[in-house]
Each structure stands twice: as C-alpha cells, then as structure tokens.
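What follows is the content of entry-v7.cif, which has mmCIF, C-alpha atoms:
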data_run
#
loop_
_atom_site.label_atom_id
_atom_site.label_comp_id
_atom_site.auth_asym_id
_atom_site.auth_seq_id
_atom_site.Cartn_x
_atom_site.Cartn_y
_atom_site.Cartn_z
CA MET E 122 0.00 0.00 0.00
CA SER E 123 1.33 3.47 -0.85
CA GLY E 124 0.28 7.06 -0.32
CA GLU E 125 -0.15 7.87 -4.01
CA ALA E 126 -3.83 8.70 -3.51
CA LEU E 127 -2.88 11.52 -1.11
CA PHE E 128 -1.86 15.05 -2.02
CA PRO E 129 1.91 15.30 -1.40
CA THR E 130 1.56 18.12 1.14
CA TYR E 131 3.89 16.43 3.65
CA ALA E 132 7.51 15.33 3.29
CA ARG E 133 6.67 12.29 5.36
CA TYR E 134 9.20 10.37 7.43
CA PRO E 135 9.72 6.80 6.13
CA LEU E 136 7.77 5.23 8.98
CA ALA E 137 4.29 3.84 9.42
CA LEU E 138 3.47 4.01 13.13
CA VAL E 139 0.80 1.51 14.09
CA LYS E 140 0.77 1.25 17.88
CA GLY E 141 1.34 3.57 20.81
CA GLU E 142 1.47 3.29 24.58
CA GLY E 143 2.64 5.98 26.99
CA SER E 144 5.87 7.48 25.68
CA TRP E 145 6.40 4.74 23.09
CA LEU E 146 5.43 4.05 19.49
CA TRP E 147 5.90 0.99 17.27
CA ASP E 148 6.08 0.91 13.48
CA ASP E 149 4.67 -1.75 11.16
CA ALA E 150 8.01 -3.61 11.23
CA GLY E 151 7.93 -3.92 15.01
CA ASN E 152 10.56 -1.27 15.72
CA LYS E 153 10.11 0.70 18.95
CA TYR E 154 10.53 4.48 19.29
CA LEU E 155 10.68 6.86 22.24
CA ASP E 156 8.30 9.64 21.29
CA PHE E 157 9.49 13.18 22.04
CA MET E 158 7.16 14.66 19.40
CA CYS E 159 3.74 13.80 20.88
CA GLY E 160 2.16 14.25 17.46
CA LEU E 161 3.29 17.90 17.62
CA ALA E 162 2.25 18.60 21.22
CA VAL E 163 -1.01 16.65 20.95
CA THR E 164 -0.67 13.48 23.04
CA ASN E 165 0.12 15.33 26.28
CA LEU E 166 -1.09 12.34 28.33
CA GLY E 167 0.93 9.90 26.26
CA HIS E 168 -0.42 7.44 23.73
CA ALA E 169 -3.72 5.66 24.35
CA PRO E 170 -4.27 6.90 27.93
CA LYS E 171 -6.72 4.55 29.61
CA VAL E 172 -8.89 7.23 31.20
CA ILE E 173 -9.45 9.00 27.87
CA LYS E 174 -10.10 5.73 26.09
CA GLU E 175 -12.73 4.78 28.66
CA ALA E 176 -14.48 8.15 28.36
CA LEU E 177 -14.58 7.82 24.58
CA ILE E 178 -15.86 4.25 24.67
CA GLN E 179 -18.60 5.24 27.10
CA GLN E 180 -19.71 8.04 24.79
CA LEU E 181 -19.50 5.79 21.71
CA ASP E 182 -22.16 3.61 23.34
CA GLN E 183 -24.48 6.59 23.75
CA VAL E 184 -24.57 9.18 20.95
CA TRP E 185 -21.94 10.40 18.46
CA HIS E 186 -23.44 13.45 16.78
CA VAL E 187 -26.60 15.51 17.20
CA SER E 188 -25.73 19.03 15.89
CA ASN E 189 -25.22 22.18 17.91
CA LEU E 190 -28.85 23.06 17.27
CA PHE E 191 -29.48 20.97 20.40
CA ARG E 192 -28.09 21.22 23.90
CA ILE E 193 -25.20 18.83 24.39
CA PRO E 194 -24.82 18.23 28.15
CA VAL E 195 -21.29 16.80 27.96
CA GLN E 196 -20.21 19.82 25.89
CA GLU E 197 -21.59 22.12 28.58
CA GLU E 198 -19.71 20.13 31.22
CA ALA E 199 -16.44 20.35 29.27
CA ALA E 200 -16.86 24.10 28.83
CA GLN E 201 -17.63 24.55 32.53
CA LEU E 202 -14.44 22.69 33.45
CA LEU E 203 -12.37 24.97 31.21
CA VAL E 204 -13.99 28.06 32.73
CA GLN E 205 -13.45 26.67 36.22
CA HIS E 206 -9.72 26.16 35.67
CA THR E 207 -8.89 29.27 33.60
CA CYS E 208 -9.53 33.00 33.47
CA ALA E 209 -12.09 32.50 30.69
CA ASP E 210 -15.85 32.89 31.07
CA ALA E 211 -17.13 31.54 27.75
CA VAL E 212 -16.03 28.78 25.37
CA PHE E 213 -16.68 28.00 21.70
CA PHE E 214 -15.66 24.51 20.55
CA CYS E 215 -14.39 23.84 17.04
CA ASN E 216 -12.22 21.19 15.37
CA SER E 217 -8.62 22.45 15.18
CA GLY E 218 -6.13 25.10 16.19
CA ALA E 219 -6.47 26.99 12.93
CA GLU E 220 -10.24 27.12 13.38
CA ALA E 221 -9.80 28.28 16.96
CA ASN E 222 -7.52 31.11 15.88
CA GLU E 223 -9.87 31.99 13.03
CA GLY E 224 -12.70 32.10 15.57
CA ALA E 225 -10.66 34.37 17.84
CA ILE E 226 -10.08 36.79 14.95
CA LYS E 227 -13.78 36.79 14.10
CA LEU E 228 -14.75 37.31 17.72
CA ALA E 229 -12.45 40.33 18.04
CA ARG E 230 -13.76 41.92 14.85
CA ARG E 231 -17.39 41.28 15.62
CA TYR E 232 -17.07 42.63 19.15
CA PHE E 233 -15.99 46.02 17.84
CA GLN E 234 -18.22 46.14 14.79
CA LYS E 235 -21.49 44.78 16.25
CA VAL E 236 -21.20 45.50 19.98
CA LYS E 237 -19.08 48.64 20.11
CA GLY E 238 -20.18 50.05 16.77
CA GLU E 239 -16.58 50.73 15.73
CA HIS E 240 -15.10 49.77 12.37
CA ARG E 241 -12.12 47.96 13.80
CA TYR E 242 -10.78 44.88 12.06
CA GLU E 243 -6.96 44.91 11.98
CA ILE E 244 -5.01 42.32 13.94
CA ILE E 245 -1.38 42.97 14.86
CA THR E 246 0.82 39.85 14.90
CA PHE E 247 4.56 39.17 15.13
CA ASP E 248 7.45 38.01 12.97
CA GLN E 249 8.17 34.27 13.20
CA SER E 250 4.68 33.54 14.55
CA PHE E 251 2.52 30.67 13.35
CA HIS E 252 -1.26 30.74 13.68
CA GLY E 253 -2.60 28.21 11.15
CA ARG E 254 -3.22 27.37 7.52
CA THR E 255 -6.59 28.95 6.72
CA LEU E 256 -6.35 32.08 4.59
CA ALA E 257 -6.86 34.34 7.58
CA THR E 258 -4.53 32.50 9.95
CA LEU E 259 -1.72 32.08 7.44
CA THR E 260 -1.98 35.81 6.75
CA ALA E 261 -1.70 36.38 10.50
CA THR E 262 1.36 34.13 10.55
CA GLY E 263 4.67 36.00 10.52
CA GLN E 264 6.43 33.59 8.14
CA ASP E 265 6.39 34.23 4.41
CA LYS E 266 6.98 30.58 3.49
CA VAL E 267 3.41 29.57 4.44
CA LYS E 268 1.93 32.29 2.22
CA GLU E 269 3.59 31.38 -1.08
CA GLY E 270 1.09 30.67 -3.83
CA PHE E 271 -1.99 31.78 -1.90
CA LEU E 272 -2.28 35.38 -3.06
CA PRO E 273 -4.24 37.55 -2.73
CA LEU E 274 -4.27 37.37 1.04
CA PRO E 275 -7.11 38.94 3.04
CA GLU E 276 -6.52 42.43 4.38
CA GLY E 277 -6.59 43.37 8.01
CA PHE E 278 -3.31 41.98 9.35
CA VAL E 279 -0.14 43.85 10.31
CA THR E 280 3.04 42.01 11.33
CA VAL E 281 5.71 43.66 13.49
CA PRO E 282 8.98 42.49 15.11
CA MET E 283 8.61 40.62 18.38
CA HIS E 284 9.68 42.52 21.52
CA ASP E 285 9.47 45.88 19.76
CA LEU E 286 6.80 47.78 21.68
CA ASP E 287 7.39 50.95 19.65
CA ALA E 288 6.61 49.00 16.47
CA VAL E 289 3.36 47.81 18.05
CA LYS E 290 2.45 51.36 19.02
CA ASP E 291 3.22 52.59 15.50
CA ALA E 292 1.00 49.86 14.02
CA MET E 293 -1.97 50.75 16.23
CA ASN E 294 -4.62 53.02 14.76
CA GLU E 295 -8.38 53.56 14.67
CA ARG E 296 -8.77 50.25 12.77
CA THR E 297 -6.90 48.06 15.28
CA ALA E 298 -9.06 45.41 16.95
CA ALA E 299 -6.50 43.15 18.62
CA VAL E 300 -2.93 42.08 19.12
CA MET E 301 -2.34 38.32 18.72
CA LEU E 302 0.73 36.41 19.87
CA GLU E 303 2.08 33.10 21.09
CA ILE E 304 3.69 32.80 24.54
CA VAL E 305 6.28 30.58 22.87
CA GLN E 306 6.77 30.82 19.11
CA ALA E 307 7.00 27.07 18.70
CA GLU E 308 7.10 26.73 14.91
CA GLY E 309 9.22 29.87 14.73
CA GLY E 310 12.13 28.30 16.62
CA VAL E 311 10.89 27.75 20.21
CA LEU E 312 11.19 31.43 21.13
CA PRO E 313 9.54 32.41 24.46
CA VAL E 314 8.14 35.92 24.78
CA LYS E 315 10.00 38.09 27.28
CA PRO E 316 7.92 38.71 30.44
CA GLU E 317 8.52 42.46 30.52
CA PHE E 318 7.40 42.79 26.91
CA LEU E 319 4.19 40.83 27.51
CA HIS E 320 3.40 42.90 30.60
CA ASP E 321 3.97 46.15 28.71
CA LEU E 322 1.95 44.87 25.74
CA SER E 323 -0.95 43.84 27.97
CA LYS E 324 -0.95 47.27 29.63
CA LEU E 325 -0.78 49.01 26.25
CA CYS E 326 -3.75 47.01 24.91
CA ARG E 327 -5.77 47.71 28.04
CA ASN E 328 -5.04 51.45 27.91
CA LYS E 329 -5.90 51.61 24.20
CA GLY E 330 -9.05 49.50 24.52
CA ILE E 331 -7.58 46.89 22.14
CA LEU E 332 -8.07 43.16 22.71
CA LEU E 333 -5.20 40.82 23.58
CA ILE E 334 -5.42 37.38 21.93
CA VAL E 335 -3.04 34.61 23.01
CA ASP E 336 -2.60 31.61 20.73
CA GLU E 337 -2.19 28.66 23.13
CA VAL E 338 -2.73 25.94 20.54
CA GLN E 339 0.70 24.39 21.15
CA THR E 340 1.44 25.74 24.64
CA GLY E 341 -1.85 24.87 26.33
CA MET E 342 -3.01 21.92 28.42
CA GLY E 343 -0.05 21.61 30.78
CA ARG E 344 2.67 21.65 28.15
CA THR E 345 4.66 24.50 29.72
CA GLY E 346 4.22 23.61 33.40
CA LYS E 347 0.97 25.57 33.76
CA LEU E 348 -2.42 24.64 32.35
CA PHE E 349 -1.98 27.56 29.93
CA ALA E 350 1.31 29.33 29.31
CA HIS E 351 0.04 32.86 29.96
CA GLU E 352 -0.36 31.87 33.61
CA HIS E 353 3.44 32.03 33.98
CA TYR E 354 3.29 35.75 33.27
CA GLY E 355 0.37 36.82 35.42
CA VAL E 356 -1.41 38.15 32.34
CA GLN E 357 -5.06 37.47 31.51
CA PRO E 358 -5.80 37.62 27.79
CA ASP E 359 -9.19 38.74 26.56
CA ILE E 360 -9.25 35.76 24.20
CA PHE E 361 -7.08 32.67 24.03
CA THR E 362 -7.20 29.53 21.96
CA ALA E 363 -6.62 25.83 22.54
CA ALA E 364 -6.40 22.66 20.47
CA LYS E 365 -3.69 19.95 20.17
CA GLY E 366 -3.42 18.67 23.78
CA LEU E 367 -7.04 19.61 24.50
CA GLY E 368 -8.28 16.34 22.97
CA SER E 369 -5.43 13.92 23.73
CA GLY E 370 -5.33 12.99 20.03
CA PHE E 371 -9.01 13.48 19.23
CA PRO E 372 -9.47 16.48 16.90
CA VAL E 373 -10.88 19.46 18.79
CA GLY E 374 -10.19 23.15 19.31
CA ALA E 375 -11.61 25.92 21.44
CA VAL E 376 -11.92 29.70 21.66
CA LEU E 377 -11.95 30.90 25.27
CA ALA E 378 -12.88 34.47 26.16
CA LYS E 379 -13.86 36.95 28.83
CA GLU E 380 -17.48 37.58 29.79
CA PHE E 381 -17.77 40.96 28.03
CA LEU E 382 -17.17 39.26 24.68
CA ARG E 383 -20.10 36.88 25.06
CA GLU E 384 -22.55 39.27 23.40
CA ALA E 385 -20.41 39.38 20.24
CA PHE E 386 -21.13 35.73 19.43
CA THR E 387 -24.92 35.70 19.27
CA PRO E 388 -27.05 33.01 17.54
CA GLY E 389 -26.12 32.77 13.87
CA SER E 390 -22.91 34.79 14.16
CA HIS E 391 -20.52 31.83 14.20
CA ALA E 392 -21.08 28.11 13.83
CA THR E 393 -19.60 24.67 13.25
CA THR E 394 -21.04 21.31 12.26
CA PHE E 395 -18.55 19.11 14.09
CA GLY E 396 -17.23 21.40 16.83
CA GLY E 397 -18.03 20.13 20.32
CA THR E 398 -19.71 16.89 19.30
CA PRO E 399 -20.57 14.49 22.13
CA LEU E 400 -17.48 12.43 21.26
CA ALA E 401 -15.11 15.40 21.23
CA SER E 402 -16.65 16.88 24.36
CA ALA E 403 -16.33 13.63 26.28
CA VAL E 404 -12.63 13.54 25.43
CA VAL E 405 -12.11 17.19 26.38
CA LYS E 406 -13.91 16.67 29.68
CA ALA E 407 -11.78 13.67 30.56
CA THR E 408 -8.57 15.38 29.44
CA VAL E 409 -9.21 18.51 31.50
CA GLN E 410 -10.19 16.44 34.52
CA GLU E 411 -7.01 14.41 34.22
CA ILE E 412 -4.58 17.30 33.65
CA ALA E 413 -6.14 19.91 35.93
CA GLY E 414 -7.58 17.54 38.52
CA LYS E 415 -4.32 15.68 39.04
CA ARG E 416 -2.15 18.81 38.68
CA LEU E 417 -0.17 17.22 35.89
CA SER E 418 1.11 20.67 34.93
CA ASP E 419 3.18 20.60 38.13
CA ARG E 420 4.50 17.19 37.20
CA ALA E 421 5.38 18.49 33.74
CA ALA E 422 7.26 21.39 35.31
CA GLY E 423 9.35 18.95 37.33
CA ALA E 424 10.06 16.78 34.29
CA ALA E 425 10.99 19.89 32.31
CA SER E 426 13.45 21.00 34.97
CA TYR E 427 15.10 17.58 34.92
CA LEU E 428 15.16 17.43 31.12
CA THR E 429 16.68 20.88 30.64
CA GLY E 430 19.21 20.18 33.38
CA GLN E 431 20.29 16.94 31.73
CA LEU E 432 20.51 18.60 28.32
CA ARG E 433 22.67 21.42 29.65
CA GLU E 434 24.94 18.94 31.41
CA LYS E 435 25.31 16.46 28.54
CA LEU E 436 25.57 19.08 25.77
CA ALA E 437 27.91 21.42 27.64
CA GLY E 438 30.97 22.26 25.57
CA ASN E 439 29.49 21.05 22.29
CA PRO E 440 30.36 23.85 19.86
CA TRP E 441 27.54 22.86 17.51
CA VAL E 442 24.94 23.59 20.20
CA LYS E 443 24.24 27.32 20.39
CA GLN E 444 21.38 27.50 22.88
CA ILE E 445 18.86 25.42 24.83
CA ARG E 446 15.64 27.34 25.38
CA GLY E 447 11.90 26.99 25.83
CA LEU E 448 9.24 26.80 28.49
CA GLY E 449 8.27 23.64 30.32
CA LEU E 450 8.16 20.59 28.04
CA LEU E 451 8.44 22.72 24.90
CA ILE E 452 12.20 22.83 24.42
CA GLY E 453 14.37 23.89 21.52
CA ILE E 454 18.02 23.04 20.93
CA GLU E 455 19.39 25.68 18.58
CA CYS E 456 22.26 24.33 16.51
CA ALA E 457 24.95 25.90 14.34
CA GLY E 458 23.51 24.44 11.15
CA PRO E 459 20.55 22.54 9.65
CA VAL E 460 19.20 19.79 11.88
CA ALA E 461 17.35 17.60 9.37
CA GLU E 462 20.21 15.10 9.25
CA VAL E 463 20.62 14.81 13.02
CA ILE E 464 16.87 14.40 13.48
CA ALA E 465 16.92 11.56 10.95
CA THR E 466 19.82 9.93 12.81
CA MET E 467 18.00 10.23 16.13
CA ARG E 468 14.98 8.59 14.53
CA GLU E 469 17.14 5.72 13.27
CA ARG E 470 18.32 5.22 16.86
CA GLY E 471 14.81 5.10 18.25
CA LEU E 472 14.06 8.70 19.26
CA LEU E 473 11.39 10.81 17.57
CA VAL E 474 11.92 14.59 17.62
CA VAL E 475 10.86 17.36 15.27
CA PRO E 476 12.45 20.56 13.89
CA ALA E 477 11.34 24.10 14.68
CA GLY E 478 12.77 25.92 11.71
CA PRO E 479 15.92 24.77 9.92
CA ASN E 480 18.39 24.90 12.84
CA VAL E 481 16.37 23.95 15.93
CA VAL E 482 15.61 20.49 17.33
CA ARG E 483 12.27 20.64 19.14
CA LEU E 484 11.46 18.34 22.06
CA LEU E 485 7.82 17.73 23.05
CA PRO E 486 7.60 14.77 25.45
CA ASN E 487 4.34 13.97 27.20
CA LEU E 488 3.53 15.36 30.65
CA LEU E 489 4.03 11.95 32.27
CA VAL E 490 7.46 11.25 30.80
CA SER E 491 9.70 9.47 33.30
CA HIS E 492 13.25 10.36 34.32
CA GLU E 493 14.40 7.06 32.83
CA GLU E 494 12.84 7.96 29.49
CA ILE E 495 14.41 11.42 29.66
CA ASP E 496 17.81 9.88 30.36
CA GLN E 497 17.43 7.60 27.35
CA ALA E 498 16.39 10.48 25.08
CA VAL E 499 19.18 12.78 26.26
CA GLY E 500 21.71 9.99 25.75
CA ILE E 501 20.69 9.63 22.11
CA ILE E 502 20.61 13.40 21.56
CA ALA E 503 24.03 13.93 23.12
CA ALA E 504 25.62 11.08 21.16
CA VAL E 505 24.23 12.22 17.82
CA LEU E 506 25.16 15.88 18.35
CA LYS E 507 28.66 14.87 19.49
CA GLU E 508 29.11 12.89 16.29
CA LYS E 509 27.85 15.87 14.30
CA THR E 510 30.47 18.06 15.94
CA VAL E 511 33.23 15.58 15.09
CA THR E 512 32.21 15.26 11.44
CA ALA E 513 31.28 18.91 10.82
CA PRO E 514 33.63 20.77 8.45
CA LYS E 515 36.10 23.09 10.16
#
Show me this structure written as structure tokens.
Amino acid sequence: MSGEALFPTYARYPLALVKGEGSWLWDDAGNKYLDFMCGLAVTNLGHAPKVIKEALIQQLDQVWHVSNLFRIPVQEEAAQLLVQHTCADAVFFCNSGAEANEGAIKLARRYFQKVKGEHRYEIITFDQSFHGRTLATLTATGQDKVKEGFLPLPEGFVTVPMHDLDAVKDAMNERTAAVMLEIVQAEGGVLPVKPEFLHDLSKLCRNKGILLIVDEVQTGMGRTGKLFAHEHYGVQPDIFTAAKGLGSGFPVGAVLAKEFLREAFTPGSHATTFGGTPLASAVVKATVQEIAGKRLSDRAAGAASYLTGQLREKLAGNPWVKQIRGLGLLIGIECAGPVAEVIATMRERGLLVVPAGPNVVRLLPNLLVSHEEIDQAVGIIAAVLKEKTVTAPK
C-alpha cells in the first residue's frame, strides 16, 4: 500500500506508526521508538491513555453526533471545566487550532463592529509567529513561506517584530481590533516571549481598549508547566485559543474568552457542524479532569526541569549547540547548522523529535514522561550531536 492517492503536502518520514502506549510508538516492522514529538504537542497524556479511552468508549455507546442546534450536556460540562480552571468565562468549541484562531479573529472583529459600533478589524501579529493554515490564519502568521502561492491574502493583518513595543504602538490606529501572539513561538524556533514585553503589551492594549489574543494551541493543556502558558506571566488575555493537547489525540479546538465578549457571538454569528460533538466533548472533559484535577502541569514542570538540566549537562561544551531554550516541556536546541540530518539519525536510533525551523531540534515529550525515558532520550541526543560536531567541516 502506498500514499499515491494523497496530495503530497507532507515530506513524510519513512515510517508507518501503528501502535502507541505511553511514551512509546511501534512501526509496522515492530521497531520501537521513544516519542518526544507527541504528534506535535497533541498526546500530552501519552499514547492511548486509559482514562481518555474509557471516556470515549462510554460516549461511543451513547450518541456520536446531534448538531449544535441541540443542547449537548457533555459539551456544557467540558466548557464549565475549562472556565473553572482558567480566566475565561465563555467557550466556543471547534475542530482544530487553525479554526480556533480563526474564531478568535472573528470574535475580536465582531465585538468592535457589532457590539461597540466601531469599524475595527486589523489584527497585529509578530514576525516568526505561526497561527494556522486557513487564509486568515496564514496571513496572521509571521512567516512568508506559508503564504507562497496563496495570493491575494485577506486584508486586516499587520506584522511587526517581536519585543518591539514601539513598532506595536506605530501599528496601532483607529482600525486596530486586537494584538495576537504566542507565549512561545514554537514553529518559529521555540522562542519564548519576554515577560517584561508581555506585561507592557498587555498594559498598552488595556489602555488603548484593544483586545489581547493569546494563541495557546501548542502551549496549552499543561505543556509548559501551567495549564496555559500565559499563567506564567500573570497576564489574563481577553481571548485565548486551545487545540492539540485539549483532545489527547481526538481532533478538537476551542476559543476561550472573557465575559464581556459573550454578546459578540450571538445566535447565527458563528457556527460549526462538528465542533463540540458528544465524542469530542467527552474527550475534552476527561482530558481537563485528568490534567487539571491531578495537577499534571506541576509534574510536567518537574520533568521539564530535569530534562533541561540533563541537556545542559550532557551538551555542555558542544560547539555545535548554540542554545537550549523553551518553556516547560516545549524545548528547543538551537544548533549551528541545519538539523534535518541529526533528526533523521535520532529517529534511526529510536528517538522521535521534530524541527522548529531549519536549525532547531524541538522536544515535546508527554507530561508523564519518566526520568528514565528522559535519560534515554538525552543519551541519544548527546551522542548524535557529538558525532555531528566531530564530522562537521572546520
């Protein structure tokens, strides 16, 4: 069997993964891999977590889909849990991170245009950001490579350099509705936002009456050592988004917002056929209960401290390693050259990692990763990067 029937939109790794359990995956030849990708920050509870599986099976025996034209009690319960454990007051469920970010953009625009009666629609975003692949979210993305071939792009987006508050001020005008950013620019190279900049930006938005949107698609659900990454900074966004780890592998996304924005999304203003189905909602409910109820964010913070400590110790003195950075269990190893070859070598030795731009190795283990698994991963990483240093041209 081949993938010839698929559009070639992915440069796929030469593996077919057919089984997963905890931190481990097996391919169709029986080879075993330590997974430090988590499906790109999706399987935060590891592969096939029993509690999520049981919740899904229970819902499968009841009802799968009924349409959002009806009340869906398990959806209401999932939303209430998210409100209970975050600074949000209202939730809209969708199917993916791109849809969540698209929904956040729509919510910001509609709030000003329909509630405030102001013709505001521009969203300020930042260089190296990544917000999705819809036309609106790829326009919001601060990377030109995702925009090639999709012209004309929709208007209403302005991109400025990260950590340049003056540039943000210069971009603000009577059309500005919101500023949108990631706490860690994951696809952009695992670049955390500086706390002082975020505090100043939040104050600026508040003083100007402009909304602050935080894209937590990759950083949410315990990944960084808090349930959501903005909690590290003591900042409460007006709108933030979630997906990836929200469903433990089941496709789901969410827009979360403050109470005053509720009146912007009235009946008929925004909708989705599959968002928040009984199946998706059951998974979200179980995932939030597991991560928030058992304080797995704290456990992730401890694992992250151990992992970064081991990386710094084992990679110390390697001239090909420029920097180790990140937040929680979203870690980037910046290297002196392209990392595609070393990532392939790590994969051959049983460790799955992913790039974040051409020169950064990105590590995304699950929140329950053990010290023994970390030791094994760091051993492979250190050995491969040491060999790269030895063979690199002078």
Exercise for review: Taking the point (7.6, 15.9, 5.9) as given in the file, collect each protein or nucleic acid residue that comes within 12 Å of it, counting only C-alpha atoms, and present the set as a PyMOL selection string.
Suggested key: chain E and resi 129-136+461+465+475-476
Review point. Exactly which residues make up the result of the PyMOL selection byres ((chain E and resi 372) around 12) on this file, given as a PyMOL selection string?
Key: chain E and resi 160+163-164+214-221+363-371+373-375+395-398+400-405
I'd like the neighbourhood of stretch 419-421 of chain E as a PDB file with C-alpha atoms, in the coordinates of the input, where a residue qualifies if any of its atoms comes within 7 Å (using all atoms listed in the file), though same-chain residues fewer than 4 positions away should be ignored.
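Below is the file out-v6.pdb, written as the result:
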ATOM      1  CA  GLY E 343      -0.050  21.610  30.780  1.00  0.00           C
ATOM      2  CA  ARG E 344       2.670  21.650  28.150  1.00  0.00           C
ATOM      3  CA  GLY E 346       4.220  23.610  33.400  1.00  0.00           C
ATOM      4  CA  LYS E 347       0.970  25.570  33.760  1.00  0.00           C
ATOM      5  CA  ALA E 425      10.990  19.890  32.310  1.00  0.00           C
ATOM      6  CA  GLY E 449       8.270  23.640  30.320  1.00  0.00           C
ATOM      7  CA  LEU E 450       8.160  20.590  28.040  1.00  0.00           C
ATOM      8  CA  LEU E 488       3.530  15.360  30.650  1.00  0.00           C
ATOM      9  CA  LEU E 489       4.030  11.950  32.270  1.00  0.00           C
TER      10      LEU E 489
END
Practice item. Could you expand the PyMOL selection byres ((chain E and resi 224-241) around 8) into the explicit residues it covers here, written as a list in words? Key: Glu220, Ala221, Asn222, Glu223, Tyr242, Glu243, Ile244, Glu295, Arg296, Thr297, Ala298, Ala299, Leu332, Ile334, Ile360, Phe361, Thr362, Val376, Leu382, Glu384, Ala385, Phe386 and His391 of chain E
Revision key, fill the gap. Correct to one decimal, the distance atom CA of E:Pro273-atom CA of E:Glu308 is 23.6 Å
Exercise for review: Just say which residues the PyMOL selection byres ((chain E and resi 141) around 12) picks in this file, as a ChimeraX atom specification.
Suggested key: /E:137-140,142-149,151-156,159-160,164,166-171,370
Review point. Could you pull the residues within 9 Å of stretch 276-287 of chain E, counting all atoms listed in the file, minus those fewer than 6 positions along the same chain, as number ranges by chain?
Key: E: 242-250, 257, 260-263, 296-297, 314-315, 318-319, 321-322, 325
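Interatomic distance, atom CA of E:Arg470 against atom CA of E:Val505: 9.2 Å.
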Practice item. Measuring atom to atom with only C-alpha atoms, identify which of E:Gln196, E:Asn487, E:Asn439, E:Asn165 is nearest to E:Gln180. Key: E:Gln196
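Proximity of E:Tyr427, E:Trp441, E:Phe381, E:Phe251 to E:Glu303, computed with only C-alpha atoms, is greatest for E:Phe251.
Here atom CA of E:Leu272 and atom CA of E:Leu127 stand 23.9 Å from one another.
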